[in-house]
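Containing mmCIF, C-alpha atoms, pLDDT in the B column; chains and numbers go by the auth columns: run24.cif.
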```cif
data_structure
#
loop_
_atom_site.group_PDB
_atom_site.id
_atom_site.type_symbol
_atom_site.label_atom_id
_atom_site.label_comp_id
_atom_site.label_asym_id
_atom_site.label_seq_id
_atom_site.Cartn_x
_atom_site.Cartn_y
_atom_site.Cartn_z
_atom_site.B_iso_or_equiv
_atom_site.auth_seq_id
_atom_site.auth_asym_id
ATOM 1 C CA ASP A 1 225.088 280.020 52.260 52.00 1395 A
ATOM 2 C CA ASN A 2 223.981 280.878 55.778 62.00 1396 A
ATOM 3 C CA THR A 3 220.932 283.054 55.018 65.00 1397 A
ATOM 4 C CA GLY A 4 218.545 280.961 57.088 69.00 1398 A
ATOM 5 C CA TYR A 5 216.701 279.543 54.119 69.00 1399 A
ATOM 6 C CA VAL A 6 216.302 275.790 53.881 66.00 1400 A
ATOM 7 C CA SER A 7 215.347 274.089 50.652 67.00 1401 A
ATOM 8 C CA SER A 8 212.384 271.747 50.735 72.00 1402 A
ATOM 9 C CA PRO A 9 213.172 268.057 50.353 79.00 1403 A
ATOM 10 C CA THR A 10 212.331 266.640 46.955 89.00 1404 A
ATOM 11 C CA ALA A 11 212.103 263.013 48.099 92.00 1405 A
ATOM 12 C CA GLY A 12 211.694 260.904 51.174 93.00 1406 A
ATOM 13 C CA THR A 13 211.717 257.270 52.190 95.00 1407 A
ATOM 14 C CA VAL A 14 208.720 255.206 53.208 96.00 1408 A
ATOM 15 C CA ASP A 15 209.697 252.124 55.184 96.00 1409 A
ATOM 16 C CA GLY A 16 208.392 249.728 57.782 96.00 1410 A
ATOM 17 C CA THR A 17 208.066 246.181 58.974 96.00 1411 A
ATOM 18 C CA VAL A 18 205.133 243.843 58.398 96.00 1412 A
ATOM 19 C CA TYR A 19 204.785 241.455 61.326 95.00 1413 A
ATOM 20 C CA VAL A 20 202.497 239.436 63.572 95.00 1414 A
ATOM 21 C CA ASP A 21 202.183 241.347 66.854 93.00 1415 A
ATOM 22 C CA VAL A 22 202.660 238.365 69.172 94.00 1416 A
ATOM 23 C CA ASP A 23 202.814 240.452 72.364 93.00 1417 A
ATOM 24 C CA LEU A 24 199.886 242.662 71.245 91.00 1418 A
ATOM 25 C CA ASP A 25 201.613 245.932 72.164 92.00 1419 A
ATOM 26 C CA GLY A 26 201.212 247.612 68.764 90.00 1420 A
ATOM 27 C CA ASN A 27 204.972 247.895 68.239 92.00 1421 A
ATOM 28 C CA TYR A 28 207.435 245.603 66.492 93.00 1422 A
ATOM 29 C CA THR A 29 209.469 243.764 69.123 95.00 1423 A
ATOM 30 C CA PRO A 30 212.429 241.891 67.566 94.00 1424 A
ATOM 31 C CA GLY A 31 212.783 238.406 68.993 95.00 1425 A
ATOM 32 C CA THR A 32 209.138 238.334 70.101 96.00 1426 A
ATOM 33 C CA ASP A 33 206.995 239.383 67.144 96.00 1427 A
ATOM 34 C CA THR A 34 207.030 237.398 63.903 96.00 1428 A
ATOM 35 C CA PRO A 35 208.225 239.300 60.788 97.00 1429 A
ATOM 36 C CA LEU A 36 206.392 238.388 57.578 97.00 1430 A
ATOM 37 C CA SER A 37 208.498 237.924 54.454 97.00 1431 A
ATOM 38 C CA GLY A 38 207.209 237.909 50.892 97.00 1432 A
ATOM 39 C CA VAL A 39 204.317 240.298 51.569 97.00 1433 A
ATOM 40 C CA THR A 40 203.604 242.869 48.858 97.00 1434 A
ATOM 41 C CA VAL A 41 203.200 246.456 50.059 97.00 1435 A
ATOM 42 C CA THR A 42 201.653 248.959 47.637 98.00 1436 A
ATOM 43 C CA ILE A 43 202.874 252.535 48.083 98.00 1437 A
ATOM 44 C CA THR A 44 201.108 255.350 46.202 98.00 1438 A
ATOM 45 C CA ASP A 45 203.033 258.622 46.118 96.00 1439 A
ATOM 46 C CA VAL A 46 201.825 262.218 45.934 95.00 1440 A
ATOM 47 C CA ASN A 47 201.973 262.135 42.099 95.00 1441 A
ATOM 48 C CA GLY A 48 199.880 258.968 41.839 97.00 1442 A
ATOM 49 C CA GLY A 49 202.908 256.777 41.172 97.00 1443 A
ATOM 50 C CA VAL A 50 202.385 253.226 42.400 98.00 1444 A
ATOM 51 C CA HIS A 51 205.318 251.282 43.846 98.00 1445 A
ATOM 52 C CA ASN A 52 204.918 247.605 44.737 98.00 1446 A
ATOM 53 C CA VAL A 53 207.625 246.390 47.091 98.00 1447 A
ATOM 54 C CA VAL A 54 207.983 243.001 48.777 98.00 1448 A
ATOM 55 C CA THR A 55 209.064 242.508 52.378 98.00 1449 A
ATOM 56 C CA ASN A 56 212.411 240.795 52.944 98.00 1450 A
ATOM 57 C CA ALA A 57 213.177 237.931 55.351 97.00 1451 A
ATOM 58 C CA GLN A 58 212.929 240.390 58.269 97.00 1452 A
ATOM 59 C CA GLY A 59 209.528 241.692 57.112 97.00 1453 A
ATOM 60 C CA TYR A 60 211.129 245.018 56.128 97.00 1454 A
ATOM 61 C CA PHE A 61 210.226 247.171 53.124 98.00 1455 A
ATOM 62 C CA SER A 62 211.553 250.512 51.855 98.00 1456 A
ATOM 63 C CA GLN A 63 210.844 252.816 48.916 97.00 1457 A
ATOM 64 C CA THR A 64 212.021 256.316 47.960 96.00 1458 A
ATOM 65 C CA VAL A 65 209.101 258.546 46.926 96.00 1459 A
ATOM 66 C CA PRO A 66 208.589 262.214 46.047 95.00 1460 A
ATOM 67 C CA ALA A 67 207.951 264.463 49.046 93.00 1461 A
ATOM 68 C CA GLY A 68 204.262 264.763 49.921 93.00 1462 A
ATOM 69 C CA ALA A 69 201.276 262.709 51.011 94.00 1463 A
ATOM 70 C CA THR A 70 201.792 258.984 50.502 96.00 1464 A
ATOM 71 C CA THR A 71 199.579 255.966 51.185 96.00 1465 A
ATOM 72 C CA VAL A 72 200.790 252.511 52.151 96.00 1466 A
ATOM 73 C CA ASP A 73 198.662 249.373 51.761 96.00 1467 A
ATOM 74 C CA VAL A 74 199.541 245.778 52.597 95.00 1468 A
ATOM 75 C CA VAL A 75 198.220 243.306 50.019 94.00 1469 A
ATOM 76 C CA ASN A 76 195.950 241.139 52.178 93.00 1470 A
ATOM 77 C CA ALA A 77 196.180 238.183 49.780 94.00 1471 A
ATOM 78 C CA ASP A 78 199.904 237.895 50.608 94.00 1472 A
ATOM 79 C CA LEU A 79 199.311 237.491 54.352 94.00 1473 A
ATOM 80 C CA PRO A 80 199.543 233.972 55.798 93.00 1474 A
ATOM 81 C CA ALA A 81 196.288 232.120 56.469 93.00 1475 A
ATOM 82 C CA GLY A 82 194.653 233.359 59.651 91.00 1476 A
ATOM 83 C CA VAL A 83 196.573 236.670 59.710 92.00 1477 A
ATOM 84 C CA THR A 84 194.570 239.886 59.302 87.00 1478 A
ATOM 85 C CA LEU A 85 195.401 243.572 59.583 84.00 1479 A
ATOM 86 C CA ASP A 86 194.324 245.248 62.799 77.00 1480 A
ATOM 87 C CA SER A 87 192.442 248.535 62.602 64.00 1481 A
ATOM 88 C CA GLY A 88 194.875 251.432 62.512 59.00 1482 A
ATOM 89 C CA SER A 89 197.593 249.296 60.958 55.00 1483 A
#
```
Full structure transcribed into structure tokens:
Amino acid sequence: DNTGYVSSPTAGTVDGTVYVDVDLDGNYTPGTDTPLSGVTVTITDVNGGVHNVVTNAQGYFSQTVPAGATTVDVVNADLPAGVTLDSGS
């Protein structure tokens, strides 16, 4: 159908990398920054569904969620000693 209408997505993917920003540039730099494995990330979707995912060896996490506003929180207790979240993280 080429009527110009596009259906709204019903789901999306939330993903990212949890890491120590060694070079302090605010971006993940492979080979420079330190990825953090085993960190729990809590993702709350638009419907209030809570998804707890754990970062892999590369510090990566991913979760499919319904389309809409979603919040992502790193569980501070899972961070290594001396590591804290920076404001805006």
Which polymer residues have any atom within 12 Å of an atom of A:Val1444, counting all atoms listed in the file, with same-chain residues fewer than 2 positions away left out, as a list in words?
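Listed by chain and then number, they are Val1435, Thr1436, Ile1437, Thr1438, Asp1439, Val1440, Asn1441, Gly1442, Asn1446, Val1447, Gln1457, Thr1458, Val1459, Pro1460, Thr1464, Thr1465, Val1466 and Asp1467 of chain A.
With distances taken from (201.3, 241.4, 69.9) and restricted to all atoms listed in the file, the residues inside 12 Å are Tyr1413, Val1414, Asp1415, Val1416, Asp1417, Leu1418, Asp1419, Gly1420, Asn1421, Tyr1422, Thr1423, Pro1424, Gly1425, Thr1426, Asp1427, Thr1428, Pro1429 and Asp1480 of chain A.
What separates atom CA of A:Asp1409 from atom CA of A:Ala1475 is a distance of 24.1 Å.
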| said: Counting only C-alpha atoms, find residues at most 12 Å from (210.8, 240.8, 52.4) (file frame) and give them as a list in words. | reply: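 With a cut-off of 12 Å, the residues come to Asp1409, Gly1410, Thr1411, Val1412, Tyr1413, Pro1429, Leu1430, Ser1431, Gly1432, Val1433, Thr1434, Val1435, Asn1446, Val1447, Val1448, Thr1449, Asn1450, Ala1451, Gln1452, Gly1453, Tyr1454, Phe1455, Ser1456 and Asp1472 of chain A.
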Restricting it to C-alpha atoms, dump the selection as a PDB file, in the coordinates of the input.
```pdb
ATOM      1  CA  ASP A1409     209.697 252.124  55.184  1.00 96.00           C
ATOM      2  CA  GLY A1410     208.392 249.728  57.782  1.00 96.00           C
ATOM      3  CA  THR A1411     208.066 246.181  58.974  1.00 96.00           C
ATOM      4  CA  VAL A1412     205.133 243.843  58.398  1.00 96.00           C
ATOM      5  CA  TYR A1413     204.785 241.455  61.326  1.00 95.00           C
ATOM      6  CA  PRO A1429     208.225 239.300  60.788  1.00 97.00           C
ATOM      7  CA  LEU A1430     206.392 238.388  57.578  1.00 97.00           C
ATOM      8  CA  SER A1431     208.498 237.924  54.454  1.00 97.00           C
ATOM      9  CA  GLY A1432     207.209 237.909  50.892  1.00 97.00           C
ATOM     10  CA  VAL A1433     204.317 240.298  51.569  1.00 97.00           C
ATOM     11  CA  THR A1434     203.604 242.869  48.858  1.00 97.00           C
ATOM     12  CA  VAL A1435     203.200 246.456  50.059  1.00 97.00           C
ATOM     13  CA  ASN A1446     204.918 247.605  44.737  1.00 98.00           C
ATOM     14  CA  VAL A1447     207.625 246.390  47.091  1.00 98.00           C
ATOM     15  CA  VAL A1448     207.983 243.001  48.777  1.00 98.00           C
ATOM     16  CA  THR A1449     209.064 242.508  52.378  1.00 98.00           C
ATOM     17  CA  ASN A1450     212.411 240.795  52.944  1.00 98.00           C
ATOM     18  CA  ALA A1451     213.177 237.931  55.351  1.00 97.00           C
ATOM     19  CA  GLN A1452     212.929 240.390  58.269  1.00 97.00           C
ATOM     20  CA  GLY A1453     209.528 241.692  57.112  1.00 97.00           C
ATOM     21  CA  TYR A1454     211.129 245.018  56.128  1.00 97.00           C
ATOM     22  CA  PHE A1455     210.226 247.171  53.124  1.00 98.00           C
ATOM     23  CA  SER A1456     211.553 250.512  51.855  1.00 98.00           C
ATOM     24  CA  ASP A1472     199.904 237.895  50.608  1.00 94.00           C
TER      25      ASP A1472
END
```
In Å and to one decimal, atom CA of A:Val1408 is distant from atom CA of A:Ala1461 by 10.2 Å
Students should find that atom CA of A:Thr1407 and atom CA of A:Leu1473 are spaced 23.4 Å
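In this comparison, which uses only C-alpha atoms, the residue of A:His1445, A:Pro1474, A:Val1468, A:Gly1462 approaching A:Pro1403 most closely is A:Gly1462.
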